[in-house]
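Single-structure report; data block below.
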Amino acid sequence: MKLYIGALGALIVAGCAVAIGYLTLFAHHKELRHHNQAQLLNAIPVTATAELRHRGFVPRKPLHCWNMREAAPKKMRVACSGTTTKNEKIQVIGAAEAKVQEEYFTILIDGRPLVQNVGCLGADCHPKD
């Protein structure tokens, strides 16, 4: 009987260890879609335009995007501007934080938030578009 209880205890401990290992390695694993400033700068005009169109706003011309002064390898920052076909001002801000492996995007139309601090834009959020 003592052997049975000891084996059961060892099995419970082993199961907990496997569960903790799984959670540590896989369940909380995040990864940036854009691993450097250049990738973020190249992606935002495309994904922001797709998001704008998905929400009924059509840019008059391609968005003009640039690296923000605050940009650094671990804290990437991009800004974009443009106008819609209805002469509404478009502003886009994209940020990626390497330390926490998260990306944030905000789109303003005439100064009002269309999306605010979302984790994805365009096809990254709406794959059927």
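Numbering starts fresh at 1 for the residues of each chain in the structure tokens, the chains themselves are lettered A, B, ... in the order given, and ligands are numbered from 1 as they appear.
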Quick one: residues within 10 Å of A:Thr49, only C-alpha atoms, excluding same-chain residues fewer than 5 positions away - as number ranges by chain?
A: 44, 54-55, 57-59, 61-63, 92, 121-122
Name all residues at most 12 Å from A:Gln39 (count only C-alpha atoms; drop same-chain ones fewer than 2 positions away) and give them as an MDAnalysis selection string.
chainID A and resid 32:37 41:47 67 73 76:78 94:96
A:Gly119 proximity check over A:Gly56, A:Glu31, A:Thr85, A:Gln91, using only C-alpha atoms: winner is A:Glu31
So that I can see what lies close to A:Ile90, please list as an MDAnalysis selection string the residues with an atom at most 6 Å from it, counting only C-alpha atoms and leaving out residues fewer than 6 positions away in the same chain.
chainID A and resid 81:83 108:109
N, CA and C atoms of the current selection, written as a PDB file, in the first residue's frame:
```pdb
ATOM      1  N   SER A  81       1.003  59.309 -42.312  1.00  0.00           N
ATOM      2  CA  SER A  81      -0.068  60.287 -42.504  1.00  0.00           C
ATOM      3  C   SER A  81      -0.605  60.166 -43.916  1.00  0.00           C
ATOM      4  N   GLY A  82      -1.785  60.722 -44.091  1.00  0.00           N
ATOM      5  CA  GLY A  82      -2.429  60.725 -45.391  1.00  0.00           C
ATOM      6  C   GLY A  82      -3.794  61.369 -45.277  1.00  0.00           C
ATOM      7  N   THR A  83      -4.550  61.291 -46.357  1.00  0.00           N
ATOM      8  CA  THR A  83      -5.925  61.793 -46.350  1.00  0.00           C
ATOM      9  C   THR A  83      -6.827  60.772 -47.031  1.00  0.00           C
ATOM     10  N   LEU A 108      -5.929  57.334 -36.339  1.00  0.00           N
ATOM     11  CA  LEU A 108      -6.804  58.465 -36.083  1.00  0.00           C
ATOM     12  C   LEU A 108      -7.352  58.984 -37.408  1.00  0.00           C
ATOM     13  N   ILE A 109      -8.624  59.318 -37.427  1.00  0.00           N
ATOM     14  CA  ILE A 109      -9.265  59.967 -38.561  1.00  0.00           C
ATOM     15  C   ILE A 109      -9.729  61.335 -38.074  1.00  0.00           C
TER      16      ILE A 109
END
```
